[in-house]
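See below for structure-v2.pdb, which holds PDB, C-alpha atoms.
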```pdb
ATOM      1  CA  MET A   9     -14.854  -3.481 174.273
ATOM      2  CA  LEU A  10     -18.347  -4.826 173.632
ATOM      3  CA  GLY A  11     -19.383  -6.472 170.389
ATOM      4  CA  CYS A  12     -22.390  -8.386 169.067
ATOM      5  CA  VAL A  13     -21.351 -11.874 167.987
ATOM      6  CA  LEU A  14     -23.677 -14.357 166.312
ATOM      7  CA  HIS A  15     -22.727 -17.955 167.154
ATOM      8  CA  GLY A  16     -25.581 -19.650 165.342
ATOM      9  CA  GLU A  17     -29.251 -19.414 164.537
ATOM     10  CA  GLY A  18     -30.897 -17.509 167.392
ATOM     11  CA  ASP A  19     -27.640 -17.349 169.369
ATOM     12  CA  LEU A  20     -26.602 -13.706 169.609
ATOM     13  CA  ARG A  21     -24.193 -12.735 172.382
ATOM     14  CA  VAL A  22     -22.927  -9.347 173.543
ATOM     15  CA  GLU A  23     -19.326 -10.185 174.405
ATOM     16  CA  GLU A  24     -16.176  -8.509 175.590
ATOM     17  CA  LEU A  25     -13.848  -8.461 172.586
ATOM     18  CA  SER A  26     -10.249  -7.410 172.167
ATOM     19  CA  ALA A  27      -9.924  -3.945 170.684
ATOM     20  CA  PRO A  28      -8.464  -4.141 167.169
ATOM     21  CA  VAL A  29      -5.166  -2.550 166.239
ATOM     22  CA  PRO A  30      -5.266  -0.875 162.823
ATOM     23  CA  GLY A  31      -2.963  -2.562 160.352
ATOM     24  CA  PRO A  32      -1.140  -0.999 157.403
ATOM     25  CA  GLY A  33      -3.504   1.254 155.469
ATOM     26  CA  GLN A  34      -6.272   0.849 158.018
ATOM     27  CA  ALA A  35      -8.202   3.265 160.205
ATOM     28  CA  LEU A  36      -9.515   2.640 163.695
ATOM     29  CA  VAL A  37     -13.047   3.963 164.225
ATOM     30  CA  ALA A  38     -14.918   4.396 167.489
ATOM     31  CA  VAL A  39     -18.379   3.215 166.505
ATOM     32  CA  ARG A  40     -21.282   5.270 167.814
ATOM     33  CA  TYR A  41     -24.271   3.814 165.972
ATOM     34  CA  GLY A  42     -24.900   0.614 164.055
ATOM     35  CA  GLY A  43     -28.111   0.206 162.090
ATOM     36  CA  VAL A  44     -29.905  -3.132 162.288
ATOM     37  CA  CYS A  45     -30.439  -4.380 158.742
ATOM     38  CA  GLY A  46     -32.783  -7.029 157.414
ATOM     39  CA  SER A  47     -29.755  -9.179 156.637
ATOM     40  CA  ASP A  48     -28.665  -8.988 160.302
ATOM     41  CA  LEU A  49     -32.138 -10.228 161.230
ATOM     42  CA  HIS A  50     -31.920 -13.083 158.732
ATOM     43  CA  TYR A  51     -28.559 -14.193 160.105
ATOM     44  CA  TRP A  52     -29.944 -14.035 163.650
ATOM     45  CA  ARG A  53     -33.250 -15.777 162.996
ATOM     46  CA  HIS A  54     -32.278 -18.239 160.260
ATOM     47  CA  GLY A  55     -28.500 -18.597 160.374
ATOM     48  CA  GLY A  56     -28.053 -17.148 156.914
ATOM     49  CA  VAL A  57     -29.143 -14.715 154.209
ATOM     50  CA  GLY A  58     -30.234 -16.210 150.918
ATOM     51  CA  ASP A  59     -27.446 -18.613 149.976
ATOM     52  CA  PHE A  60     -24.955 -17.158 152.488
ATOM     53  CA  ARG A  61     -24.870 -19.452 155.541
ATOM     54  CA  LEU A  62     -23.167 -18.855 158.889
ATOM     55  CA  ARG A  63     -20.237 -21.264 159.349
ATOM     56  CA  GLU A  64     -18.379 -19.647 162.238
ATOM     57  CA  PRO A  65     -19.058 -16.977 164.918
ATOM     58  CA  MET A  66     -19.408 -13.592 163.265
ATOM     59  CA  VAL A  67     -19.725 -10.000 164.463
ATOM     60  CA  LEU A  68     -22.845  -8.648 162.800
ATOM     61  CA  GLY A  69     -23.383  -5.216 161.326
ATOM     62  CA  HIS A  70     -22.473  -3.165 158.272
ATOM     63  CA  GLU A  71     -24.343   0.126 158.800
ATOM     64  CA  VAL A  72     -21.704   1.878 160.883
ATOM     65  CA  VAL A  73     -20.927   5.483 161.834
ATOM     66  CA  GLY A  74     -18.583   6.925 164.449
ATOM     67  CA  THR A  75     -15.396   8.958 164.851
ATOM     68  CA  VAL A  76     -11.834   8.403 163.697
ATOM     69  CA  VAL A  77      -9.447   7.281 166.449
ATOM     70  CA  ALA A  78      -6.133   6.560 164.698
ATOM     71  CA  TYR A  79      -4.461   5.116 161.606
ATOM     72  CA  GLY A  80      -2.138   2.218 161.010
ATOM     73  CA  ALA A  81       1.101   2.541 159.057
ATOM     74  CA  GLY A  82       0.469   4.226 155.721
ATOM     75  CA  GLY A  83      -3.157   4.936 156.539
ATOM     76  CA  ALA A  84      -4.470   8.429 155.898
ATOM     77  CA  GLY A  85      -7.835  10.134 155.860
ATOM     78  CA  PRO A  86     -10.018  12.399 157.967
ATOM     79  CA  ALA A  87      -8.263  13.666 161.097
ATOM     80  CA  PRO A  88      -8.762  11.814 164.381
ATOM     81  CA  GLY A  89     -11.955  12.998 166.033
ATOM     82  CA  THR A  90     -13.747  13.496 162.698
ATOM     83  CA  ALA A  91     -17.265  12.096 162.431
ATOM     84  CA  VAL A  92     -17.404   9.528 159.641
ATOM     85  CA  ALA A  93     -19.588   6.935 157.965
ATOM     86  CA  VAL A  94     -17.967   3.653 156.966
ATOM     87  CA  HIS A  95     -18.507   2.297 153.470
ATOM     88  CA  PRO A  96     -18.843  -1.439 154.191
ATOM     89  CA  ALA A  97     -17.466  -2.843 150.916
ATOM     90  CA  SER A  98     -13.890  -3.522 149.801
ATOM     91  CA  PRO A  99     -14.061  -4.692 146.170
ATOM     92  CA  CYS A 100     -11.030  -6.534 144.805
ATOM     93  CA  GLY A 101     -10.512  -4.046 141.956
ATOM     94  CA  VAL A 102      -9.199  -6.648 139.495
ATOM     95  CA  CYS A 103     -12.059  -9.034 138.645
ATOM     96  CA  PRO A 104     -14.045  -8.633 135.391
ATOM     97  CA  GLU A 105     -16.913  -6.964 137.235
ATOM     98  CA  CYS A 106     -14.664  -4.383 138.872
ATOM     99  CA  ALA A 107     -12.970  -3.730 135.531
ATOM    100  CA  ASP A 108     -16.419  -3.172 134.016
ATOM    101  CA  GLY A 109     -17.306  -0.558 136.628
ATOM    102  CA  ARG A 110     -19.690  -2.837 138.544
ATOM    103  CA  ARG A 111     -17.806  -3.069 141.798
ATOM    104  CA  ASN A 112     -21.001  -3.743 143.731
ATOM    105  CA  VAL A 113     -21.116  -7.260 142.232
ATOM    106  CA  CYS A 114     -17.373  -7.908 142.620
ATOM    107  CA  ARG A 115     -16.836 -11.661 142.797
ATOM    108  CA  ASP A 116     -14.191 -11.335 145.512
ATOM    109  CA  THR A 117     -15.416  -8.410 147.607
ATOM    110  CA  ARG A 118     -15.184  -8.133 151.382
ATOM    111  CA  TYR A 119     -18.306  -6.746 153.028
ATOM    112  CA  LEU A 120     -18.631  -6.025 156.731
ATOM    113  CA  GLY A 121     -20.662  -8.615 158.625
ATOM    114  CA  SER A 122     -21.088 -11.004 155.698
ATOM    115  CA  ALA A 123     -20.903 -14.799 155.521
ATOM    116  CA  ALA A 124     -20.626 -14.735 151.731
ATOM    117  CA  ARG A 125     -17.014 -15.885 152.044
ATOM    118  CA  PHE A 126     -15.086 -18.041 154.501
ATOM    119  CA  PRO A 127     -13.554 -17.081 156.820
ATOM    120  CA  HIS A 128     -16.405 -14.615 157.219
ATOM    121  CA  VAL A 129     -15.854 -10.863 157.161
ATOM    122  CA  GLN A 130     -16.404  -9.672 160.708
ATOM    123  CA  GLY A 131     -18.845  -6.801 161.021
ATOM    124  CA  GLY A 132     -19.081  -3.410 162.645
ATOM    125  CA  PHE A 133     -21.302  -4.052 165.677
ATOM    126  CA  ALA A 134     -18.415  -3.412 168.073
ATOM    127  CA  ALA A 135     -17.176  -0.414 170.031
ATOM    128  CA  ARG A 136     -14.072  -0.225 167.809
ATOM    129  CA  VAL A 137     -13.582  -1.417 164.259
ATOM    130  CA  ALA A 138     -10.518  -1.393 161.999
ATOM    131  CA  VAL A 139     -11.289  -0.859 158.300
ATOM    132  CA  PRO A 140      -9.367   0.197 155.186
ATOM    133  CA  ALA A 141      -8.854   3.944 155.469
ATOM    134  CA  GLU A 142     -10.343   4.541 152.020
ATOM    135  CA  GLN A 143     -13.703   3.321 153.327
ATOM    136  CA  LEU A 144     -14.116   6.362 155.578
ATOM    137  CA  ARG A 145     -16.384   9.213 154.537
ATOM    138  CA  PRO A 146     -16.443  12.442 156.583
ATOM    139  CA  LEU A 147     -19.994  13.644 157.197
ATOM    140  CA  PRO A 148     -21.231  16.661 155.240
ATOM    141  CA  ALA A 149     -21.955  19.832 157.191
ATOM    142  CA  GLY A 150     -25.218  19.620 159.103
ATOM    143  CA  LEU A 151     -25.421  15.813 159.127
ATOM    144  CA  ASP A 152     -25.360  14.246 162.588
ATOM    145  CA  LEU A 153     -24.226  10.701 163.320
ATOM    146  CA  ARG A 154     -27.717   9.414 164.107
ATOM    147  CA  ARG A 155     -29.147  10.384 160.722
ATOM    148  CA  ALA A 156     -25.910   9.406 158.976
ATOM    149  CA  ALA A 157     -26.509   5.819 160.135
ATOM    150  CA  LEU A 158     -29.069   5.631 157.300
ATOM    151  CA  ALA A 159     -26.360   6.097 154.666
ATOM    152  CA  GLU A 160     -25.827   2.409 153.878
ATOM    153  CA  PRO A 161     -29.502   1.476 153.346
ATOM    154  CA  LEU A 162     -30.111   4.727 151.471
ATOM    155  CA  SER A 163     -27.200   3.805 149.181
ATOM    156  CA  VAL A 164     -28.931   0.494 148.450
ATOM    157  CA  ALA A 165     -32.101   2.416 147.592
ATOM    158  CA  LEU A 166     -30.281   4.904 145.372
ATOM    159  CA  HIS A 167     -28.648   2.056 143.459
ATOM    160  CA  ALA A 168     -32.016   0.358 142.932
ATOM    161  CA  VAL A 169     -33.539   3.557 141.559
ATOM    162  CA  ARG A 170     -30.567   4.038 139.245
ATOM    163  CA  ARG A 171     -30.991   0.461 138.032
ATOM    164  CA  ALA A 172     -34.523   1.432 137.025
ATOM    165  CA  GLY A 173     -33.216   4.036 134.576
ATOM    166  CA  GLU A 174     -34.847   7.417 134.071
ATOM    167  CA  VAL A 175     -37.580   7.938 136.669
ATOM    168  CA  ALA A 176     -38.102  11.704 136.431
ATOM    169  CA  GLY A 177     -41.748  12.435 135.710
ATOM    170  CA  ARG A 178     -42.737   8.784 136.064
ATOM    171  CA  HIS A 179     -44.965   6.870 138.445
ATOM    172  CA  LEU A 180     -43.271   4.250 140.630
ATOM    173  CA  LEU A 181     -44.611   1.360 142.666
ATOM    174  CA  VAL A 182     -42.669   0.137 145.699
ATOM    175  CA  THR A 183     -43.754  -3.138 147.265
ATOM    176  CA  GLY A 184     -42.679  -3.340 150.891
ATOM    177  CA  ALA A 185     -42.424  -0.408 153.316
ATOM    178  CA  GLY A 186     -39.544  -1.631 155.430
ATOM    179  CA  PRO A 187     -36.532   0.655 155.900
ATOM    180  CA  ILE A 188     -35.193  -0.092 152.401
ATOM    181  CA  GLY A 189     -38.573   0.366 150.748
ATOM    182  CA  CYS A 190     -39.079   3.680 152.533
ATOM    183  CA  LEU A 191     -35.660   4.872 151.427
ATOM    184  CA  VAL A 192     -36.443   3.826 147.841
ATOM    185  CA  VAL A 193     -39.324   6.298 148.091
ATOM    186  CA  ALA A 194     -36.918   9.049 149.174
ATOM    187  CA  ALA A 195     -34.453   8.141 146.421
ATOM    188  CA  ALA A 196     -37.159   8.104 143.760
ATOM    189  CA  LYS A 197     -38.566  11.465 144.835
ATOM    190  CA  ALA A 198     -35.066  12.957 144.859
ATOM    191  CA  ALA A 199     -34.646  11.669 141.279
ATOM    192  CA  GLY A 200     -37.794  13.512 140.197
ATOM    193  CA  ALA A 201     -40.443  10.786 140.248
ATOM    194  CA  ALA A 202     -43.886  12.267 139.632
ATOM    195  CA  GLY A 203     -45.585   9.878 142.028
ATOM    196  CA  VAL A 204     -44.732   6.951 144.264
ATOM    197  CA  THR A 205     -47.229   4.338 145.431
ATOM    198  CA  VAL A 206     -46.190   2.052 148.276
ATOM    199  CA  THR A 207     -47.828  -1.213 149.308
ATOM    200  CA  ASP A 208     -47.466  -3.106 152.564
ATOM    201  CA  LEU A 209     -49.518  -5.253 154.921
ATOM    202  CA  LEU A 210     -48.907  -3.067 157.970
ATOM    203  CA  PRO A 211     -50.429   0.395 158.546
ATOM    204  CA  ALA A 212     -47.481   1.434 160.740
ATOM    205  CA  ALA A 213     -44.998   0.604 157.989
ATOM    206  CA  LEU A 214     -47.031   2.595 155.477
ATOM    207  CA  GLU A 215     -46.909   5.618 157.768
ATOM    208  CA  PHE A 216     -43.107   5.478 157.691
ATOM    209  CA  ALA A 217     -43.364   5.440 153.884
ATOM    210  CA  ARG A 218     -45.407   8.623 154.151
ATOM    211  CA  THR A 219     -42.585  10.161 156.198
ATOM    212  CA  ALA A 220     -40.205   9.267 153.356
ATOM    213  CA  GLY A 221     -42.401  11.090 150.848
ATOM    214  CA  ALA A 222     -44.800   8.470 149.413
ATOM    215  CA  ASP A 223     -47.765   9.927 147.555
ATOM    216  CA  THR A 224     -50.132   6.957 147.849
ATOM    217  CA  LEU A 225     -50.297   4.193 150.459
ATOM    218  CA  VAL A 226     -52.005   0.869 149.712
ATOM    219  CA  ARG A 227     -52.800  -2.113 151.900
ATOM    220  CA  ALA A 228     -51.306  -5.040 150.014
ATOM    221  CA  ASP A 229     -53.971  -7.425 151.317
ATOM    222  CA  ASP A 230     -56.891  -5.256 150.195
ATOM    223  CA  PRO A 231     -57.642  -5.658 146.463
ATOM    224  CA  ASP A 232     -60.388  -3.050 146.801
ATOM    225  CA  ASP A 233     -58.111  -0.348 148.205
ATOM    226  CA  ALA A 234     -58.776   2.762 146.135
ATOM    227  CA  GLY A 235     -55.080   3.571 146.015
ATOM    228  CA  TRP A 236     -54.157   0.760 143.626
ATOM    229  CA  PRO A 237     -52.894   2.336 140.376
ATOM    230  CA  PRO A 238     -54.117   0.911 137.055
ATOM    231  CA  GLU A 239     -50.470   0.708 135.988
ATOM    232  CA  VAL A 240     -47.071   2.207 136.770
ATOM    233  CA  ASP A 241     -43.965   2.974 134.733
ATOM    234  CA  VAL A 242     -41.463   1.413 137.134
ATOM    235  CA  ALA A 243     -41.840  -1.022 140.025
ATOM    236  CA  VAL A 244     -39.291  -1.757 142.747
ATOM    237  CA  GLU A 245     -39.831  -4.972 144.707
ATOM    238  CA  ALA A 246     -38.487  -4.333 148.215
ATOM    239  CA  SER A 247     -40.440  -6.844 150.301
ATOM    240  CA  GLY A 248     -38.368  -9.924 149.481
ATOM    241  CA  VAL A 249     -41.416 -12.147 148.907
ATOM    242  CA  ALA A 250     -42.608 -13.716 145.658
ATOM    243  CA  GLY A 251     -46.030 -12.108 146.030
ATOM    244  CA  GLY A 252     -44.435  -8.686 145.870
ATOM    245  CA  LEU A 253     -42.666  -9.540 142.623
ATOM    246  CA  ASP A 254     -45.930 -10.847 141.185
ATOM    247  CA  THR A 255     -47.643  -7.552 142.055
ATOM    248  CA  CYS A 256     -44.865  -5.577 140.367
ATOM    249  CA  LEU A 257     -45.081  -7.626 137.173
ATOM    250  CA  ARG A 258     -48.862  -7.295 136.982
ATOM    251  CA  LEU A 259     -48.964  -3.536 137.565
ATOM    252  CA  VAL A 260     -46.007  -2.293 135.540
ATOM    253  CA  ARG A 261     -46.936  -1.041 132.077
ATOM    254  CA  ARG A 262     -45.988  -2.819 128.863
ATOM    255  CA  GLY A 263     -42.304  -2.204 128.228
ATOM    256  CA  GLY A 264     -41.853  -1.056 131.822
ATOM    257  CA  VAL A 265     -39.093  -1.897 134.285
ATOM    258  CA  VAL A 266     -39.235  -4.030 137.415
ATOM    259  CA  VAL A 267     -36.292  -3.928 139.816
ATOM    260  CA  GLN A 268     -35.936  -6.863 142.205
ATOM    261  CA  LEU A 269     -34.278  -5.410 145.296
ATOM    262  CA  GLY A 270     -35.594  -7.539 148.159
ATOM    263  CA  MET A 271     -33.621 -10.739 148.758
ATOM    264  CA  LEU A 272     -35.986 -13.632 148.024
ATOM    265  CA  PRO A 273     -35.898 -16.856 150.057
ATOM    266  CA  PRO A 274     -33.363 -19.514 148.982
ATOM    267  CA  GLY A 275     -34.402 -21.809 146.167
ATOM    268  CA  PRO A 276     -36.864 -21.334 143.310
ATOM    269  CA  SER A 277     -39.436 -18.534 143.535
ATOM    270  CA  PRO A 278     -42.594 -18.639 141.401
ATOM    271  CA  PHE A 279     -43.400 -15.507 139.405
ATOM    272  CA  ALA A 280     -45.516 -14.489 136.427
ATOM    273  CA  GLY A 281     -42.781 -15.104 133.875
ATOM    274  CA  ASN A 282     -45.106 -15.053 130.879
ATOM    275  CA  LEU A 283     -45.797 -11.368 131.556
ATOM    276  CA  VAL A 284     -42.096 -10.653 131.133
ATOM    277  CA  VAL A 285     -42.431 -12.069 127.614
ATOM    278  CA  SER A 286     -45.848 -10.864 126.485
ATOM    279  CA  ARG A 287     -45.404  -7.328 127.837
ATOM    280  CA  GLU A 288     -41.658  -7.081 127.198
ATOM    281  CA  ILE A 289     -41.070  -6.139 130.815
ATOM    282  CA  GLU A 290     -37.456  -5.584 131.808
ATOM    283  CA  LEU A 291     -36.695  -7.426 135.051
ATOM    284  CA  ARG A 292     -33.484  -6.168 136.654
ATOM    285  CA  GLY A 293     -31.689  -7.094 139.842
ATOM    286  CA  ALA A 294     -30.193  -4.567 142.246
ATOM    287  CA  PHE A 295     -27.485  -5.622 144.694
ATOM    288  CA  ARG A 296     -25.816  -3.370 147.233
ATOM    289  CA  PHE A 297     -24.178  -0.194 145.815
ATOM    290  CA  ASP A 298     -20.860   1.508 145.132
ATOM    291  CA  ALA A 299     -20.404   5.264 144.611
ATOM    292  CA  GLU A 300     -23.993   5.891 145.731
ATOM    293  CA  PHE A 301     -22.683   6.007 149.309
ATOM    294  CA  ASP A 302     -21.399   9.550 148.841
ATOM    295  CA  ALA A 303     -24.674  10.642 147.236
ATOM    296  CA  ALA A 304     -26.572   9.117 150.157
ATOM    297  CA  LEU A 305     -24.665  11.237 152.675
ATOM    298  CA  GLU A 306     -25.412  14.382 150.690
ATOM    299  CA  LEU A 307     -29.108  13.518 150.457
ATOM    300  CA  LEU A 308     -29.304  12.830 154.186
ATOM    301  CA  ALA A 309     -27.657  16.179 154.895
ATOM    302  CA  ALA A 310     -30.184  17.925 152.660
ATOM    303  CA  GLN A 311     -33.308  16.163 153.975
ATOM    304  CA  ALA A 312     -33.436  16.234 157.758
ATOM    305  CA  SER A 313     -36.929  14.717 157.650
ATOM    306  CA  LEU A 314     -35.403  11.333 156.780
ATOM    307  CA  GLY A 315     -34.221  11.141 160.366
ATOM    308  CA  GLY A 316     -37.839  10.305 161.175
ATOM    309  CA  LEU A 317     -37.201   6.806 159.833
ATOM    310  CA  VAL A 318     -34.998   6.101 162.859
ATOM    311  CA  SER A 319     -37.638   4.708 165.187
ATOM    312  CA  ALA A 320     -35.470   3.599 168.134
ATOM    313  CA  VAL A 321     -31.936   3.804 169.540
ATOM    314  CA  VAL A 322     -31.030   0.927 171.867
ATOM    315  CA  PRO A 323     -27.898   0.448 174.020
ATOM    316  CA  VAL A 324     -25.615  -2.293 172.732
ATOM    317  CA  ARG A 325     -26.050  -4.333 175.921
ATOM    318  CA  GLU A 326     -29.685  -4.800 174.882
ATOM    319  CA  ALA A 327     -28.784  -5.938 171.362
ATOM    320  CA  GLU A 328     -31.106  -8.932 171.287
ATOM    321  CA  SER A 329     -34.110  -6.817 172.266
ATOM    322  CA  ALA A 330     -33.042  -4.313 169.584
ATOM    323  CA  LEU A 331     -33.082  -7.033 166.931
ATOM    324  CA  ALA A 332     -36.451  -8.269 168.174
ATOM    325  CA  LEU A 333     -37.795  -4.726 167.904
ATOM    326  CA  ALA A 334     -36.371  -4.308 164.406
ATOM    327  CA  ALA A 335     -38.040  -7.582 163.391
ATOM    328  CA  ASP A 336     -41.426  -6.267 164.554
ATOM    329  CA  ARG A 337     -42.389  -3.949 161.719
ATOM    330  CA  SER A 338     -45.604  -3.001 163.471
ATOM    331  CA  ARG A 339     -43.458  -1.134 166.022
ATOM    332  CA  SER A 340     -40.340  -0.015 164.185
ATOM    333  CA  CYS A 341     -38.645   1.141 161.010
ATOM    334  CA  LYS A 342     -34.895   1.602 161.452
ATOM    335  CA  VAL A 343     -33.437   0.556 164.826
ATOM    336  CA  LEU A 344     -29.950   1.686 165.832
ATOM    337  CA  LEU A 345     -27.581   0.113 168.340
ATOM    338  CA  ASP A 346     -25.806   2.719 170.451
ATOM    339  CA  PHE A 347     -22.172   1.871 171.243
ATOM    340  CA  GLY A 348     -21.424   5.201 172.887
ATOM    341  CA  ALA A 349     -23.923   5.106 175.739
TER     342      ALA A 349
END
```

Please go through the file and, once you have read it, give me the structure as C-alpha cells.
Amino acid sequence: MLGCVLHGEGDLRVEELSAPVPGPGQALVAVRYGGVCGSDLHYWRHGGVGDFRLREPMVLGHEVVGTVVAYGAGGAGPAPGTAVAVHPASPCGVCPECADGRRNVCRDTRYLGSAARFPHVQGGFAARVAVPAEQLRPLPAGLDLRRAALAEPLSVALHAVRRAGEVAGRHLLVTGAGPIGCLVVAAAKAAGAAGVTVTDLLPAALEFARTAGADTLVRADDPDDAGWPPEVDVAVEASGVAGGLDTCLRLVRRGGVVVQLGMLPPGPSPFAGNLVVSREIELRGAFRFDAEFDAALELLAAQASLGGLVSAVVPVREAESALALAADRSRSCKVLLDFGA
C-alpha cells in the first residue's frame, strides 16, 4: 500500500508500506481521503510544528476518512463497509487533565501524525490505517466522505468558539482565513454569532471565508479598509502570527475575550500585553478538541455548502504537489489527498 512518509525537512516520499494488521481492540480502515493540515505543512517545510520536532521518519496526516475493513480481537464498531471518520486522538484517560474533563490537553495523548512524543505516532496518510476502534465515527445520513474530511479541522474550530464562551448575538473577529479560520466562521455562525469579520492578506482566502458565512471581509494590510470594526466582543486569532494576535487585542472591547488558536512560531512572541491588563481582556488558548468531533460531523451533514472549502482533491502519488498547493493560499483552501483513486 502507498503512504506518505516524511524523512526530514523537505523530504516527503510516497512509499510502498506494509499493510497494518489490526491488533486487539483496533479497527482497520481503508482510507479514502486525507486532508492536508497546516501542521502537515509545517512538518514538511520546517521539520517540526512549534516545539514538536521530527526525530524519525513519520507518516503524516490526521484528517482521515474512509471505510471499515475489519477488526482485531475484541474490536467492535461500525460494520465492515461503513463509511467513517477517524477521531485522531487517544487520550490516556488517567492524567489530571483527563480526570478534569480536558482530554484535549492530555499530557500523554497519542495523536495521529504527531511528533509530540517519541517514538512518533504514525499518521493516517496511508491506504490502510489501524486505529483504536473507539476512534471510529460512522457518518451521519447525507454526509459524503469528501465533505466529512473537514471534520477534524471543523472540530478544532468548534472547540475554539466554545473556548470563547457565549457568542450568540455577539460580533466576532477572526484573523486569518485559512481552512481553520474559515471553519471558525462556520462554527461561530452556527453558535448564533450576530456578525463575523474576517481579516487576511489574500483576496482568494477571504472569498473562502465568504463561502463559510463571513459577514465582512477586510484586507489585513489595508488600515483604511472600510470593513474594520471599531471593536468586537470576541476575537479568534487563527493566522498563527504575532501581528494577528496584536490586531485581536487592539480591536476586542474592554472585558472581551481573545482566543489564540493559531500555533505561533517557536520562542517568544511579542504582543500588546498591557492591553490585557488595562482593558481586562481574557486571553485564552485553544488546542485541538475532544467531543466536538461528533458535533462537527452533524454540522457538516447539515451544511452542504461547507463542501465548497474543499478546493482540490489530488491523487496520493502526487502528494508533494498537493502539499505545495495547500501551502499556496492564493490558490487553495482545503486540499485532500485521494487514496482511493

Need the axis-aligned box for stretch 72-88 of chain A with 5 Å each side, so what are the centre and edges in Å to one decimal, as lines of an AutoDock Vina configuration file?
```
center_x = -10.3
center_y = 7.8
center_z = 161.1
size_x = 32.8
size_y = 21.8
size_z = 20.7
```

Item checked: Result set, the PyMOL selection byres ((chain A and resi 75-91) around 8) on current file, as an MDAnalysis selection string -> chainID A and resid 29:40 73:74 92:93 140:142 144:147 153

Would you list the contacts of A:Ala176 as an mmCIF file with C-alpha atoms, keeping the file's coordinate frame, taking every protein, DNA or RNA residue within 8 Å and counting only C-alpha atoms, but skipping same-chain residues closer than 6 positions in sequence?
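Listing of around.cif after writing:
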```cif
data_model
loop_
_atom_site.group_PDB
_atom_site.id
_atom_site.type_symbol
_atom_site.label_atom_id
_atom_site.label_comp_id
_atom_site.auth_asym_id
_atom_site.auth_seq_id
_atom_site.Cartn_x
_atom_site.Cartn_y
_atom_site.Cartn_z
ATOM 1 C CA ALA A 199 -34.646 11.669 141.279
ATOM 2 C CA GLY A 200 -37.794 13.512 140.197
ATOM 3 C CA ALA A 201 -40.443 10.786 140.248
ATOM 4 C CA ALA A 202 -43.886 12.267 139.632
#
```

Item checked: Spatial neighbours of A:Met66, 8 Å, all atoms listed in the file, chain gap at least 3 places, as a list in words ->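 The residues that qualify are Val13, Leu14, His15, Leu62, Gly121, Ala123, His128, Val129, Gln130 and Gly131 of chain A.
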
Notebook entry, point to check: Written as a ChimeraX atom specification, which residues does the PyMOL selection byres ((chain A and resi 345) around 6) give for the file shown?
Noted result: /A:41-42,321-324,344,346

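Atom CA of A:Ala335 is positioned 27.5 Å from atom CA of A:Arg171.
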
Margin query: Need the shell around A:Leu307: protein/DNA/RNA residues with any atom at most 12 Å away, counting only C-alpha atoms. Skip same-chain ones fewer than 4 positions apart. Format as a ChimeraX atom specification?
Written below: /A:147-151,155-156,158-159,162-163,165-166,191,194-199,300-303,311-315

Next item on the list: Give me the residues within 9 Å of A:Leu120 as a list in words, counting all atoms listed in the file and dropping any in the same chain fewer than 3 places off.
Entry: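 Once the adjacent positions are removed, what remains is Val67, Leu68, Gly69, His70, Glu71, His95, Pro96, Ala97, Ser98, His128, Val129, Gln130, Gly131 and Gly132 of chain A.
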
Item checked: Residue members of the PyMOL selection byres ((chain A and resi 46) around 9) in the file shown, as a list in words -> Val44, Cys45, Ser47, Asp48, Leu49, His50, Tyr51, Gly186, Pro187, Ile188, Ala334 and Ala335 of chain A

Just C-alpha atoms for this one: save the residues we selected as an mmCIF file, keeping the file's coordinate frame.
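Output file again-v8.cif is given in full below:
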```
data_model
loop_
_atom_site.group_PDB
_atom_site.id
_atom_site.type_symbol
_atom_site.label_atom_id
_atom_site.label_comp_id
_atom_site.auth_asym_id
_atom_site.auth_seq_id
_atom_site.Cartn_x
_atom_site.Cartn_y
_atom_site.Cartn_z
ATOM 1 C CA VAL A 44 -29.905 -3.132 162.288
ATOM 2 C CA CYS A 45 -30.439 -4.380 158.742
ATOM 3 C CA SER A 47 -29.755 -9.179 156.637
ATOM 4 C CA ASP A 48 -28.665 -8.988 160.302
ATOM 5 C CA LEU A 49 -32.138 -10.228 161.230
ATOM 6 C CA HIS A 50 -31.920 -13.083 158.732
ATOM 7 C CA TYR A 51 -28.559 -14.193 160.105
ATOM 8 C CA GLY A 186 -39.544 -1.631 155.430
ATOM 9 C CA PRO A 187 -36.532 0.655 155.900
ATOM 10 C CA ILE A 188 -35.193 -0.092 152.401
ATOM 11 C CA ALA A 334 -36.371 -4.308 164.406
ATOM 12 C CA ALA A 335 -38.040 -7.582 163.391
#
```

Check: Distance atom CA of A:Gly264-atom CA of A:Val240, one decimal place?
Finding: 7.9 Å

Item checked: Spatial neighbours of A:Ser26, max dist 10 Å, all atoms listed in the file, sep filter under 2 positions, as JSON, numbers by chain -> {"A": [9, 10, 11, 23, 24, 28, 29, 134, 136]}

Margin query: Quick check, in Å to one decimal: how far apart do atom CA of A:Val22 and atom CA of A:Ala135 lie?
Written below: 11.2 Å

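Of the listed residues A:Ala107, A:Val57, A:Val72, A:Val318, the one whose atoms come nearest to A:Cys190 is A:Val318, with distances taken using all atoms listed in the file.
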
Check: Looking at A:Glu160, A:Leu333, A:Arg118, A:Ser338, which one is nearest to A:Pro211, with distances taken over only C-alpha atoms?
Finding: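 Looking only at the distances to A:Pro211, the closest residue turns out to be A:Ser338.
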
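Compared by their closest atoms to A:Leu259, and using all atoms listed in the file, the residues A:Met271, A:Leu181, A:Val204, A:Val226 rank with A:Leu181 nearest.
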